[in-house]
Each structure stands twice: as C-alpha cells, then as structure tokens.
>>> print(open('upload_37.txt').read())   # compact mmCIF, C-alpha atoms
# COMPACT_ATOMS: atom_id res chain seq x y z
CA MET D 1 128.22 69.83 89.29
CA ASN D 2 126.88 67.71 92.13
CA THR D 3 123.47 69.18 92.82
CA ASN D 4 122.97 66.91 95.82
CA SER D 5 125.87 68.11 97.98
CA ASN D 6 125.05 69.88 101.24
CA THR D 7 126.87 73.06 100.26
CA TYR D 8 125.03 73.31 96.97
CA THR D 9 121.67 72.70 98.65
CA ILE D 10 122.24 75.38 101.28
CA VAL D 11 123.56 77.94 98.79
CA TYR D 12 120.68 77.19 96.40
CA ALA D 13 118.04 77.57 99.11
CA THR D 14 119.59 80.83 100.30
CA VAL D 15 119.76 82.30 96.81
CA VAL D 16 116.16 81.33 95.96
CA VAL D 17 114.83 82.78 99.20
CA ILE D 18 116.80 86.02 98.81
CA ILE D 19 115.62 86.49 95.22
CA VAL D 20 111.99 85.88 96.17
CA ALA D 21 112.25 88.11 99.26
CA VAL D 22 113.79 90.99 97.28
CA LEU D 23 111.19 90.60 94.54
CA LEU D 24 108.23 90.60 96.92
CA ALA D 25 109.63 93.46 98.99
CA LEU D 26 110.14 95.48 95.82
CA VAL D 27 106.61 94.79 94.56
CA SER D 28 105.15 95.63 97.95
CA GLN D 29 107.13 98.92 98.07
CA VAL D 30 106.15 99.90 94.54
CA LEU D 31 102.47 99.02 94.91
CA GLY D 32 102.18 100.09 98.56
CA PRO D 33 101.02 103.70 98.04
CA ARG D 34 98.47 102.59 95.45
CA GLN D 35 97.12 99.91 97.81
CA GLN D 36 96.93 102.38 100.69
CA ALA D 37 95.00 104.80 98.48
CA ASN D 38 92.62 101.98 97.55
CA ILE D 39 92.11 101.02 101.18
CA GLN D 40 91.42 104.62 102.14
CA LEU D 41 89.03 105.13 99.24
CA ASP D 42 87.24 101.90 100.16
CA GLN D 43 86.84 103.12 103.74
CA GLN D 44 85.46 106.45 102.53
CA LYS D 45 83.02 104.62 100.25
CA GLN D 46 81.84 102.48 103.16
CA ILE D 47 81.29 105.52 105.36
CA LEU D 48 79.32 107.11 102.52
CA GLY D 49 77.31 103.88 102.33
CA ALA D 50 76.48 104.13 106.04
CA LEU D 51 75.41 107.74 105.41
CA LYS D 52 73.01 106.39 102.74
CA GLN D 53 74.78 108.08 99.86
CA ASP D 54 74.38 106.30 96.53
CA ILE D 55 77.87 106.19 95.06
CA SER D 56 77.22 103.75 92.22
CA ASN D 57 77.15 106.64 89.72
CA CYS D 58 79.50 108.93 91.61
CA ASP D 59 82.67 109.85 89.70
CA ASP D 60 84.63 111.12 92.67
CA PRO D 61 83.57 109.49 95.96
CA ALA D 62 86.54 111.07 97.76
CA ALA D 63 85.29 114.60 96.98
CA LEU D 64 81.78 113.68 98.13
CA TYR D 65 83.28 112.23 101.30
CA PHE D 66 85.19 115.40 102.13
CA SER D 67 82.13 117.56 101.39
CA LEU D 68 80.07 115.58 103.94
CA VAL D 69 82.47 114.43 106.65
CA LYS D 70 83.62 117.48 108.58
CA ASP D 71 85.60 116.07 111.45
CA THR D 72 87.02 112.90 112.98
CA LEU D 73 86.91 112.44 116.75
CA ASP D 74 88.88 109.90 118.69
CA VAL D 75 87.19 107.97 121.51
CA ASN D 76 89.80 105.82 123.31
CA GLY D 77 91.32 104.87 119.98
CA HIS D 78 88.01 104.35 118.19
CA PRO D 79 87.19 106.86 115.44
CA VAL D 80 83.95 108.83 115.22
CA TYR D 81 83.33 110.50 111.86
CA VAL D 82 81.21 113.62 112.21
CA ALA D 83 79.21 114.25 109.05
CA GLU D 84 76.69 116.86 108.06
CA ILE D 85 73.81 115.92 105.81
CA GLU D 86 71.22 118.52 104.88
CA GLY D 87 72.13 120.56 107.93
CA ALA D 88 71.79 117.69 110.42
CA THR D 89 74.77 116.22 112.26
CA LYS D 90 75.39 112.49 111.93
CA TYR D 91 77.92 110.44 113.84
CA VAL D 92 79.50 107.46 112.13
CA LEU D 93 80.95 104.78 114.41
CA LYS D 94 83.36 102.11 113.22
CA LEU D 95 82.50 98.47 113.97
CA LYS D 96 84.74 95.42 114.03
CA GLY D 97 83.81 91.84 114.86
CA ALA D 98 84.00 88.21 113.81
CA GLY D 99 81.80 86.28 111.40
CA LEU D 100 81.91 82.59 110.52
CA TRP D 101 85.08 82.35 108.41
CA GLY D 102 86.82 85.62 109.14
CA GLY D 103 86.49 89.17 110.32
CA ILE D 104 83.45 91.32 109.72
CA GLY D 105 83.20 95.07 110.12
CA GLY D 106 81.06 98.02 109.31
CA TYR D 107 79.99 101.57 109.97
CA LEU D 108 76.95 102.69 111.91
CA ALA D 109 75.60 106.20 111.32
CA LEU D 110 73.60 107.74 114.19
CA ASP D 111 71.45 110.85 114.30
CA ASP D 112 72.62 113.65 116.60
CA ASP D 113 70.49 112.23 119.47
CA LYS D 114 73.07 109.38 119.53
CA ASN D 115 70.14 106.99 119.61
CA THR D 116 68.37 106.69 116.25
CA ILE D 117 70.25 104.75 113.56
CA TYR D 118 70.50 106.77 110.36
CA GLY D 119 72.14 104.08 108.27
CA ALA D 120 74.37 101.03 108.51
CA ASN D 121 76.97 99.49 106.26
CA PHE D 122 78.73 96.17 106.71
CA ASN D 123 81.72 94.46 105.17
CA HIS D 124 83.28 91.05 105.57
CA GLU D 125 86.51 89.28 104.74
CA SER D 126 85.33 85.85 103.76
CA GLU D 127 81.71 85.04 104.61
CA THR D 128 79.94 82.48 102.41
CA PRO D 129 78.73 84.01 99.12
CA GLY D 130 74.93 83.91 98.95
CA LEU D 131 74.58 83.38 102.72
CA GLY D 132 76.65 85.33 105.25
CA ALA D 133 77.97 87.63 102.54
CA LEU D 134 74.43 89.02 102.21
CA ILE D 135 75.12 91.31 105.21
CA VAL D 136 76.64 93.80 102.76
CA GLU D 137 73.43 93.95 100.70
CA LEU D 138 70.80 96.68 101.04
CA PRO D 139 67.85 94.53 102.21
CA PHE D 140 69.77 93.53 105.34
CA ARG D 141 71.33 96.95 105.96
CA GLN D 142 68.11 98.91 105.48
CA GLN D 143 66.45 97.02 108.35
CA PHE D 144 68.61 99.01 110.76
CA GLU D 145 67.46 102.44 109.62
CA GLY D 146 65.29 104.19 112.19
CA LYS D 147 65.97 101.64 114.94
CA HIS D 148 67.06 102.89 118.35
CA ILE D 149 70.16 101.71 120.15
CA ARG D 150 68.81 102.76 123.57
CA ASN D 151 66.04 101.19 125.63
CA ALA D 152 63.20 103.13 127.23
CA GLU D 153 65.47 104.03 130.18
CA GLY D 154 68.01 105.64 127.86
CA GLN D 155 70.69 103.01 128.34
CA VAL D 156 72.68 101.90 125.30
CA VAL D 157 71.54 98.32 124.64
CA SER D 158 72.30 97.98 120.90
CA VAL D 159 69.94 96.41 118.35
CA ALA D 160 69.44 92.65 118.34
CA VAL D 161 69.85 90.56 115.18
CA LEU D 162 67.41 87.70 115.69
CA LYS D 163 65.71 84.93 113.77
CA ALA D 164 62.36 86.17 112.43
CA GLY D 165 59.61 85.24 114.89
CA THR D 166 61.69 85.50 118.06
CA MET D 167 61.40 88.56 120.25
CA ALA D 168 64.22 90.49 121.88
CA GLU D 169 63.73 91.64 125.42
CA GLY D 170 64.37 95.29 126.19
CA GLN D 171 65.92 96.17 122.83
CA GLU D 172 64.84 96.72 119.27
CA GLN D 173 65.61 94.04 116.70
CA VAL D 174 66.13 93.24 113.04
CA ASP D 175 65.77 89.92 111.21
CA ALA D 176 68.80 87.68 110.93
CA LEU D 177 69.74 86.08 107.60
CA SER D 178 68.42 82.55 107.16
CA GLY D 179 71.19 80.02 106.58
CA ALA D 180 73.75 82.39 108.07
CA THR D 181 73.15 82.07 111.79
CA ILE D 182 76.77 82.49 112.85
CA THR D 183 77.35 85.56 110.68
CA SER D 184 74.11 87.09 111.98
CA THR D 185 75.12 86.38 115.56
CA GLY D 186 78.48 87.93 114.68
CA VAL D 187 76.76 91.16 113.58
CA ASN D 188 74.69 91.12 116.78
CA ASP D 189 77.77 90.67 118.98
CA MET D 190 79.76 93.19 116.97
CA LEU D 191 77.12 95.88 117.55
CA GLN D 192 76.94 95.03 121.23
CA THR D 193 80.68 95.10 121.98
CA ASN D 194 81.53 98.06 119.76
CA LEU D 195 78.72 100.25 121.12
CA ALA D 196 79.98 99.40 124.62
CA GLU D 197 83.43 100.63 123.59
CA TYR D 198 81.88 103.89 122.42
CA ALA D 199 79.99 104.25 125.74
CA GLU D 200 81.98 107.34 126.77
CA PHE D 201 81.04 109.11 123.54
CA LEU D 202 77.43 107.89 123.46
CA ASN D 203 76.70 108.83 127.08
CA ASP D 204 78.15 112.30 126.64
CA LEU D 205 74.75 113.77 125.81
CA PRO D 206 73.89 117.46 125.86
CA ALA D 207 72.58 118.46 129.33
CA ALA D 208 69.13 119.46 128.10
CA GLU D 209 68.24 116.00 126.90
CA PRO D 210 64.49 115.74 127.54
CA GLU D 211 64.36 111.95 127.71
CA ALA D 212 67.06 111.79 130.37
CA GLU D 213 65.29 114.37 132.49
CA GLU D 214 62.03 112.47 132.34
CA ALA D 215 63.80 109.35 133.47
CA ASN D 216 65.35 111.21 136.40
CA GLU D 217 62.05 112.70 137.42
CA GLU D 218 60.47 109.29 137.42
CA ASN D 219 63.25 108.01 139.64
CA GLN D 220 62.83 110.90 142.03
CA THR D 221 59.06 110.41 142.29
CA SER D 222 59.53 106.73 143.01
CA ASN D 223 62.13 107.59 145.65
CA GLN D 224 59.76 110.04 147.29
CA THR D 225 56.96 107.49 147.48
CA GLU D 226 59.32 105.09 149.17
CA GLU D 227 60.25 107.71 151.75
CA MET L 228 97.90 76.11 64.45
CA ALA L 229 98.77 72.51 63.98
CA LEU L 230 99.49 70.67 67.19
CA SER L 231 101.45 67.46 67.32
CA GLN L 232 99.78 64.42 68.87
CA LYS L 233 101.84 64.73 72.04
CA THR L 234 101.20 68.46 72.45
CA LYS L 235 97.48 67.92 71.96
CA GLU L 236 97.49 65.24 74.62
CA THR L 237 99.40 67.47 77.06
CA LEU L 238 97.02 70.38 76.56
CA LEU L 239 93.66 68.65 76.12
CA GLY L 240 94.14 65.46 78.13
CA PRO L 241 93.51 67.21 81.48
CA LEU L 242 90.22 68.58 80.17
CA ASN L 243 88.67 65.14 79.96
CA ALA L 244 90.49 61.79 80.14
CA ASN L 245 93.04 62.95 82.71
CA ASN L 246 91.04 65.66 84.50
CA PRO L 247 92.76 66.76 87.72
CA VAL L 248 89.52 66.96 89.68
CA VAL L 249 87.37 64.06 88.51
CA VAL L 250 90.11 61.55 87.62
CA GLN L 251 93.00 62.43 89.92
CA VAL L 252 90.65 63.84 92.58
CA LEU L 253 92.92 66.79 93.38
CA GLY L 254 91.92 70.31 94.38
CA ILE L 255 88.66 69.16 95.95
CA CYS L 256 88.96 71.49 98.97
CA SER L 257 88.77 74.66 96.89
CA ALA L 258 86.08 73.13 94.71
CA LEU L 259 83.91 73.11 97.84
CA ALA L 260 84.79 76.63 98.95
CA VAL L 261 84.28 78.73 95.83
CA THR L 262 81.40 77.07 94.00
CA VAL L 263 78.38 78.55 95.79
CA GLN L 264 78.17 81.14 93.03
CA LEU L 265 79.36 81.14 89.45
CA LYS L 266 81.39 84.36 89.52
CA PRO L 267 83.96 83.45 92.20
CA ALA L 268 84.27 80.01 90.57
CA LEU L 269 85.10 81.64 87.22
CA VAL L 270 87.69 84.00 88.68
CA MET L 271 89.21 81.21 90.76
CA GLY L 272 89.45 79.03 87.63
CA VAL L 273 91.24 81.79 85.71
CA ALA L 274 93.60 82.59 88.61
CA VAL L 275 94.55 78.93 89.10
CA THR L 276 95.12 78.45 85.36
CA ILE L 277 97.49 81.44 85.22
CA ILE L 278 99.39 80.40 88.33
CA VAL L 279 99.73 76.70 87.37
CA ALA L 280 101.00 77.64 83.92
CA MET L 281 103.48 80.21 85.25
CA SER L 282 104.83 78.08 88.09
CA ASN L 283 105.15 75.12 85.70
CA VAL L 284 107.28 77.30 83.40
CA ILE L 285 109.51 78.56 86.24
CA ILE L 286 110.05 75.12 87.76
CA SER L 287 110.70 73.65 84.32
CA LEU L 288 113.36 76.33 83.70
CA LEU L 289 115.02 75.53 87.03
CA ARG L 290 114.49 71.77 86.88
CA ASN L 291 118.13 70.82 86.27
CA THR L 292 119.47 73.03 89.03
CA ILE L 293 117.06 72.18 91.85
CA PRO L 294 118.63 69.97 94.55
CA MET L 295 116.46 66.85 94.84
CA ARG L 296 116.26 66.95 98.63
CA ILE L 297 114.67 70.37 98.83
CA ARG L 298 112.68 70.31 95.59
CA ILE L 299 109.27 70.44 97.29
CA ILE L 300 110.34 73.47 99.32
CA VAL L 301 111.63 75.24 96.21
CA GLN L 302 108.34 74.49 94.41
CA LEU L 303 106.39 75.83 97.36
CA VAL L 304 108.46 79.02 97.48
CA VAL L 305 107.86 79.63 93.78
CA VAL L 306 104.10 79.03 94.09
CA ALA L 307 103.79 81.16 97.23
CA ALA L 308 105.75 83.99 95.60
CA LEU L 309 103.53 83.92 92.51
CA VAL L 310 100.33 83.84 94.53
CA THR L 311 101.50 86.74 96.70
CA LEU L 312 102.45 88.65 93.56
CA VAL L 313 99.01 88.12 91.98
CA SER L 314 97.28 89.12 95.21
CA GLU L 315 99.40 92.31 95.56
CA VAL L 316 98.75 93.31 91.96
CA LEU L 317 95.02 92.71 92.37
CA LYS L 318 94.99 94.84 95.54
CA ALA L 319 96.67 97.69 93.69
CA PHE L 320 94.77 97.60 90.40
CA ALA L 321 91.49 95.74 91.02
CA TYR L 322 90.72 96.34 94.67
CA ASP L 323 87.08 95.24 94.50
CA VAL L 324 87.95 91.89 92.92
CA ALA L 325 90.77 91.40 95.44
CA MET L 326 88.39 92.00 98.34
CA GLN L 327 85.89 89.50 96.96
CA LEU L 328 88.53 86.85 96.43
CA SER L 329 91.07 87.55 99.16
CA VAL L 330 90.90 84.15 100.85
CA TYR L 331 90.45 82.24 97.63
CA ILE L 332 93.60 83.75 96.14
CA GLY L 333 95.53 82.73 99.27
CA LEU L 334 93.99 79.25 99.03
CA ILE L 335 95.63 78.70 95.65
CA ILE L 336 98.95 78.07 97.48
CA THR L 337 97.43 75.00 99.09
CA ASN L 338 95.85 73.72 95.88
CA CYS L 339 97.09 70.17 95.38
CA ILE L 340 96.89 70.49 91.59
CA LEU L 341 99.81 72.94 91.61
CA MET L 342 102.19 70.76 93.59
CA GLY L 343 100.94 67.71 91.67
CA ARG L 344 101.75 69.21 88.28
CA LEU L 345 105.09 70.67 89.40
CA GLU L 346 106.23 67.38 90.88
CA ALA L 347 104.80 65.07 88.20
CA PHE L 348 105.38 67.12 85.07
CA ALA L 349 107.43 70.31 85.27
CA MET L 350 110.36 68.62 87.07
CA THR L 351 110.96 66.30 84.11
CA ASN L 352 109.68 68.14 81.03
CA LYS L 353 110.66 71.00 78.73
CA VAL L 354 109.41 74.54 79.23
CA TRP L 355 106.85 74.71 76.41
CA ASP L 356 105.33 71.33 77.28
CA SER L 357 105.16 72.35 80.93
CA PHE L 358 103.36 75.54 80.00
CA LEU L 359 100.76 73.60 77.99
CA ASP L 360 100.37 71.07 80.78
CA GLY L 361 99.74 73.87 83.29
CA LEU L 362 97.26 75.53 80.98
CA GLY L 363 95.42 72.26 80.35
CA ASN L 364 95.22 71.31 84.01
CA GLY L 365 94.11 74.80 85.04
CA LEU L 366 91.35 74.73 82.43
CA GLY L 367 90.34 71.19 83.41
CA TYR L 368 90.01 72.37 87.01
CA ALA L 369 88.10 75.49 85.96
CA ALA L 370 85.68 73.43 83.85
CA ILE L 371 84.65 71.28 86.83
CA LEU L 372 84.38 74.32 89.10
CA ILE L 373 82.07 76.02 86.62
CA ILE L 374 79.84 72.94 86.23
CA VAL L 375 79.51 72.57 90.02
CA ALA L 376 78.90 76.30 90.54
CA PHE L 377 76.30 76.31 87.75
CA PHE L 378 74.17 73.72 89.53
CA ARG L 379 74.71 75.18 92.99
CA GLU L 380 73.82 78.75 92.06
CA LEU L 381 70.91 77.78 89.81
CA PHE L 382 69.19 75.48 92.31
CA GLY L 383 70.46 77.14 95.48
CA ALA L 384 69.62 80.74 94.66
CA GLY L 385 67.71 80.62 91.37
CA THR L 386 70.27 82.90 89.71
CA LEU L 387 73.27 82.60 87.38
CA LEU L 388 76.11 85.14 87.68
CA GLY L 389 73.69 87.14 89.83
CA PHE L 390 70.96 87.29 87.15
CA ARG L 391 67.61 85.80 88.09
CA ILE L 392 66.79 82.66 86.09
CA ILE L 393 63.92 81.18 88.07
CA PRO L 394 61.14 83.81 88.06
CA GLU L 395 60.19 85.43 91.39
CA SER L 396 56.54 84.51 90.84
CA TRP L 397 57.32 80.79 91.04
CA TYR L 398 58.36 81.03 94.66
CA VAL L 399 56.12 79.84 97.49
CA ALA L 400 56.61 83.21 99.18
CA ASN L 401 54.92 84.87 96.18
CA GLY L 402 52.14 82.29 95.89
CA GLY L 403 54.00 79.91 93.58
CA PHE L 404 55.13 76.32 93.98
CA TYR L 405 58.94 76.54 93.99
CA GLU L 406 61.53 76.86 96.72
CA ASN L 407 65.33 77.12 96.58
CA CYS L 408 67.23 74.03 97.64
CA GLY L 409 69.04 75.15 100.78
CA MET L 410 71.20 72.03 100.64
CA MET L 411 72.89 73.44 97.51
CA MET L 412 74.40 76.22 99.61
CA MET L 413 76.12 73.72 101.91
CA PRO L 414 79.68 72.57 101.11
CA ALA L 415 78.54 68.95 101.31
CA MET L 416 76.45 69.42 98.18
CA ALA L 417 79.56 70.35 96.18
CA LEU L 418 81.03 66.95 97.05
CA ILE L 419 77.82 65.21 96.01
CA ILE L 420 77.80 67.05 92.67
CA VAL L 421 81.51 66.28 92.10
CA GLY L 422 80.65 62.65 92.87
CA GLY L 423 77.87 62.80 90.30
CA ILE L 424 80.23 64.26 87.71
CA ILE L 425 82.82 61.52 88.40
CA TRP L 426 80.09 58.89 87.97
CA ALA L 427 78.89 60.35 84.65
CA HIS L 428 82.47 60.85 83.47
CA ARG L 429 83.44 57.23 84.19
CA ALA L 430 80.28 55.86 82.63
CA ILE L 431 80.87 57.78 79.39
CA ASN L 432 84.59 56.99 79.19
CA LYS L 433 83.93 53.29 79.79
CA GLU L 434 81.72 53.15 76.73
CA GLU L 435 84.44 54.81 74.66
CA LYS L 436 87.02 52.24 75.67
>>> encode(input="upload_37.txt", output="structure tokens")
Amino acid sequence: MNTNSNTYTIVYATVVVIIVAVLLALVSQVLGPRQQANIQLDQQKQILGALKQDISNCDDPAALYFSLVKDTLDVNGHPVYVAEIEGATKYVLKLKGAGLWGGIGGYLALDDDKNTIYGANFNHESETPGLGALIVELPFRQQFEGKHIRNAEGQVVSVAVLKAGTMAEGQEQVDALSGATITSTGVNDMLQTNLAEYAEFLNDLPAAEPEAEEANEENQTSNQTEE
Amino acid sequence: MALSQKTKETLLGPLNANNPVVVQVLGICSALAVTVQLKPALVMGVAVTIIVAMSNVIISLLRNTIPMRIRIIVQLVVVAALVTLVSEVLKAFAYDVAMQLSVYIGLIITNCILMGRLEAFAMTNKVWDSFLDGLGNGLGYAAILIIVAFFRELFGAGTLLGFRIIPESWYVANGGFYENCGMMMMPAMALIIVGGIIWAHRAINKEEK
C-alpha cells in the first residue's frame, strides 16, 4: 500500500486522532468522579489547615471538616465557610491570585470580629520549590495569626507582605520570603484584592460594634469643634 | 540475563557515552526547571523514563504504517496522549504527587529527548530494541537530573530529599560560619552545573579513547 498518498495520510490522521480522543474521553469519564472527590477533599483539608487543625494524623479529614464547618455563605459568588471551633465562630474566606509561574490561592480564617486573623493557608500551582513554594509551609503561614486586617479607623486594609526591615504604612505586616519577591508580592496583592471583593460581607458588622461607635464619636466631636 | 552486545549498547549507551543530556544536549529546559530539589527531579526522571519507553514502543509498532509527511504530528499525538493519561491517573490515584508535579508532567510533552528518540530510533527499529532505547535514554536523563539536583539542594538549602545535611548550628544566623549559596536556587546555576558535568564527562571519555 502506498503510505504516502493523500487519501491514506488523511484517513490515517483521522483514525489516530479519533482513537486518541475516544481513549482520553473514556479515561476522563471513568476517573472523573474520583478526581472530583480528590479535589473536594483537598479543598476541605486546606480549609481545615486555615482553621489550624492538624490533619497529618487524621484518618478522616472529611468527617472532621463536616463537624467544624456548619454553613457556607455566598458573597457575590465568593464563598464564606462558617466554622465553629470551641464555641467561637470563624469565617473562612477563599483567596485566589497570581504568583511567579502560575496561580496561587489560599484560605483566610477570621475571628467573628471579622478583623483578627485566626489562621491562614496557602497553595500554589507551580511556584519554585524551596523559594516561592515555601508559602505553603507553617513558618510563613503562622506569621499571619493574630494580625488585623483593619486599620485603626476600622477600614479593611489587608495585611502587607513586606521585606523584613521595611515598614508598612497604616496596615499590619508580615515578612516576605527572601528569594521569592514576586510570589510574596503575589500573596500581598491576593489578600488586598480578595478582601476588597469580600467588602460587603466584611463591612456587615453587628450594630453594637464598640470600635465603630468610638470612631463615629470621634468624628462627631471633631465636627462639633469645627462648627 | 545475558544481553547481546547490541542490546547492551542500546540500553547502557545513553547512560554514559551517548547520554541525551550531556552528549546530545537535549532536554536542558526541564533540567533547569525541576532540579532545585532532589524529590521532583527523581519523580520527573521516573516519569520521563516510563513515557519515553512507552511512546518508543507504540511508535515502533506503528512505524511501517505512519505516513512520512505527518510522522512528527503522529509522534506528538502519541506523546501528548500518554502524558495526559499519566497526569489523569496521577490526579485520580496520587493527588498529592500530581499537585506537586502538575506543570512538570505537562512539560514532558515538550521534552526534546522524546521526539529525538522517536524520530531517530523508534521509527526505524524493532519494538524490543525501541523499548530498551527508551529505557536507557530515560535513565540517562534521570541520572543527570539527580546529579544536578543533588548539588543544588545540598548547597542551596543544606538538605537532601528534605532532610537536613548541613547542621543548623553551622549557619551564620545561629552564630556559625556557613551560609547557603543563593545562586544554587537560580535556574542559571543548573546550566553551570550541567556545563561542569559535560566538561568532566568529556575529559574522562577522552582519556578512555
């Protein structure tokens, strides 16, 4: 047979592509549910990480997840996971941003004042091992615990990720990773933009918020002096 | 198992005298990307070995039917299908590993060693020989990756496979005298190490001749 004729070439290409397409579609269909389950479990594990749960020795992270996370709210398409830990309510916000080589993401757990960070967890697609990839490690994540995402006036200003030795103005800060400037900046920007997207949820504070009242009173007094 | 002279050459040649990385200088791009630490280098080496061997076998089986004008496209389709298959299976059964290696697995498609072996060997050789050739070239590639990653992780982070080799107390931060070489973490350093390996390799082989 003449394997160089046009007809043969076209038929051959078509057959090869159809076989490969059917094969891959089949594999994707068969493995799909398993992959979805893995993705969901991974997400639950990350939320547990943000809630400072040690799951390294946990046999059934999914059960632990459902025992802690009570509800999922939707804020303009962004999820808020409402968890209860030792009687206190925690809100877990989902973060998404860009690192050096690919996407980065994470979860930020806040106390019920929607200000104090309870815990943080980060993930990445393809940051450099040993440099940017260190954002997933505890030493970097633990820096965020106890920081406040609001400034003294109660506005949401996020937490800055800055080179050690430099000072942020008007917001609290954590140390960036040395040798991973772009990934660190990515985390900084990710926090900033994602918290802005959650503004509606974060600014929906209970009416009897003492800090907010103080701020208002201060404003009023300054107004009166002007008058 | 007794191997004939030719079989031995096909399998073991790529490990030294005909190494794909240091002699043919193929697959350099991924050698830069995955050698910051030893573990991704190891897994990448294994994955490439499996995929080169399997695609060599498939192309060798099809070699008499492939139309010459679209042979490169057919090779690419086979390689891409295999890589996608491996990545899907990893995502289903070893999710953590898949997440760590996602980009690297995808990068295998663009690895020049694959196309090089398919075009230069599998298109004109029998199935068993092609399998051995793929195995040999994959291992030859893995060997270089591991050597480069060994130096980069040891001097760049003071660890090997994540275990600390250089004691914490040696570091300047803890009152010692030692500091990690930040240059080792940069992709450029991988090229310099590969260059060093090529130099040593040529020097030794020259003496043998």
>>> residues_around(input="upload_37.txt", residues="L:Glu315", least_positions_apart="6", cutoff="8 Å", atoms="all atoms listed in the file", output="count of residues only")
3
>>> residues_around(input="upload_37.txt", residues="D:Ser126", least_positions_apart="5", cutoff="7 Å", atoms="all atoms listed in the file", output="JSON, numbers by chain")
{"D": [101, 102], "L": [330]}
>>> residues_around(input="upload_37.txt", residues="stretch 5-16 of chain D", least_positions_apart="3", cutoff="8 Å", atoms="only C-alpha atoms", output="tab-separated table (two decimals) with C-alpha atoms, in the frame of the given file")
chain	number	residue	atom	x	y	z
D	2	ASN	CA	126.88	67.71	92.13
D	19	ILE	CA	115.62	86.49	95.22
D	20	VAL	CA	111.99	85.88	96.17
L	293	ILE	CA	117.06	72.18	91.85
L	294	PRO	CA	118.63	69.97	94.55
L	296	ARG	CA	116.26	66.95	98.63
L	297	ILE	CA	114.67	70.37	98.83
L	301	VAL	CA	111.63	75.24	96.21
>>> interface_residues(input="upload_37.txt", of="chain D", to="chain L", cutoff="6 Å", atoms="only C-alpha atoms", output="PDB file with C-alpha atoms, in the frame of the given file")
ATOM      1  CA  THR D   3     123.470  69.180  92.820  1.00  0.00           C
ATOM      2  CA  ASN D   4     122.970  66.910  95.820  1.00  0.00           C
ATOM      3  CA  THR D   9     121.670  72.700  98.650  1.00  0.00           C
ATOM      4  CA  ARG D  34      98.470 102.590  95.450  1.00  0.00           C
ATOM      5  CA  GLN D  35      97.120  99.910  97.810  1.00  0.00           C
TER       6      GLN D  35
END
>>> atom_distance(input="upload_37.txt", atom1="atom CA of D:Glu84", atom2="atom CA of D:Gln171")
27.6 Å
>>> closest_residue(input="upload_37.txt", among="L:Ile335, L:Leu387, L:Ile425, L:Leu303", to="L:Ile371", atoms="all atoms listed in the file")
L:Ile425
>>> atom_distance(input="upload_37.txt", atom1="atom CA of D:Leu131", atom2="atom CA of D:Thr183")
8.7 Å
>>> closest_residue(input="upload_37.txt", among="D:Val159, D:Arg141, D:Gln173, D:Pro129", to="L:Ala268", atoms="all atoms listed in the file")
D:Pro129
>>> atom_distance(input="upload_37.txt", atom1="atom CA of D:Lys94", atom2="atom CA of D:Lys163")
24.6 Å
>>> axis_aligned_box(input="upload_37.txt", around="stretch 328-342 of chain L", padding_each_side="6 Å", output="AutoDock Vina command-line options")
--center_x 95.4 --center_y 78.9 --center_z 96.2 --size_x 25.7 --size_y 29.4 --size_z 21.3
>>> closest_residue(input="upload_37.txt", among="L:Ala417, L:Val270, L:Val399, L:Ile340", to="L:Gly367", atoms="all atoms listed in the file")
L:Ile340
>>> closest_residue(input="upload_37.txt", among="L:Leu334, L:Met271, L:Met281, L:Ile424", to="L:Trp355", atoms="only C-alpha atoms")
L:Met281
>>> residues_around(input="upload_37.txt", residues="D:Glu86", least_positions_apart="5", cutoff="12 Å", atoms="all atoms listed in the file", output="PyMOL selection string")
chain D and resi 51+67-68
>>> residues_around(input="upload_37.txt", residues="D:Ala120", least_positions_apart="3", cutoff="7 Å", atoms="only C-alpha atoms", output="PyMOL selection string")
chain D and resi 50+107-109+141+144
>>> closest_residue(input="upload_37.txt", among="D:Lys45, D:Gln155, D:Asn115, D:Gly99", to="D:Thr185", atoms="only C-alpha atoms")
D:Gly99
>>> decode(input="upload_37.txt", residues="stretch 236-252 of chain L", atoms="N, CA and C atoms", output="tab-separated table (two decimals), in the first residue's frame")
chain	number	residue	atom	x	y	z
L	236	GLU	N	24.45	-2.13	24.27
L	236	GLU	CA	24.78	-0.79	23.78
L	236	GLU	C	23.53	0.09	23.74
L	237	THR	N	22.40	-0.51	23.29
L	237	THR	CA	21.15	0.25	23.19
L	237	THR	C	20.69	0.71	24.58
L	238	LEU	N	20.83	-0.20	25.55
L	238	LEU	CA	20.31	0.10	26.89
L	238	LEU	C	21.27	0.98	27.68
L	239	LEU	N	22.58	0.63	27.64
L	239	LEU	CA	23.52	1.31	28.53
L	239	LEU	C	24.25	2.48	27.88
L	240	GLY	N	24.29	2.50	26.56
L	240	GLY	CA	24.96	3.60	25.86
L	240	GLY	C	24.49	4.97	26.32
L	241	PRO	N	23.15	5.19	26.40
L	241	PRO	CA	22.64	6.51	26.78
L	241	PRO	C	23.00	6.91	28.21
L	242	LEU	N	23.42	5.93	29.02
L	242	LEU	CA	23.77	6.28	30.40
L	242	LEU	C	25.09	7.02	30.45
L	243	ASN	N	25.97	6.74	29.50
L	243	ASN	CA	27.28	7.38	29.56
L	243	ASN	C	27.74	7.94	28.22
L	244	ALA	N	28.22	7.07	27.32
L	244	ALA	CA	28.87	7.53	26.10
L	244	ALA	C	27.93	8.33	25.20
L	245	ASN	N	26.63	8.00	25.25
L	245	ASN	CA	25.70	8.66	24.35
L	245	ASN	C	24.57	9.34	25.14
L	246	ASN	N	24.94	9.91	26.31
L	246	ASN	CA	23.93	10.48	27.20
L	246	ASN	C	23.12	11.59	26.51
L	247	PRO	N	21.79	11.52	26.62
L	247	PRO	CA	20.97	12.52	25.93
L	247	PRO	C	21.22	13.95	26.41
L	248	VAL	N	21.54	14.11	27.69
L	248	VAL	CA	21.71	15.48	28.20
L	248	VAL	C	23.12	15.99	27.94
L	249	VAL	N	24.14	15.24	28.38
L	249	VAL	CA	25.48	15.81	28.34
L	249	VAL	C	26.18	15.63	26.98
L	250	VAL	N	25.74	14.66	26.17
L	250	VAL	CA	26.37	14.49	24.86
L	250	VAL	C	25.52	15.11	23.77
L	251	GLN	N	24.21	14.75	23.77
L	251	GLN	CA	23.34	15.30	22.72
L	251	GLN	C	22.76	16.66	23.10
L	252	VAL	N	22.93	17.03	24.38
L	252	VAL	CA	22.43	18.30	24.90
L	252	VAL	C	20.94	18.50	24.55
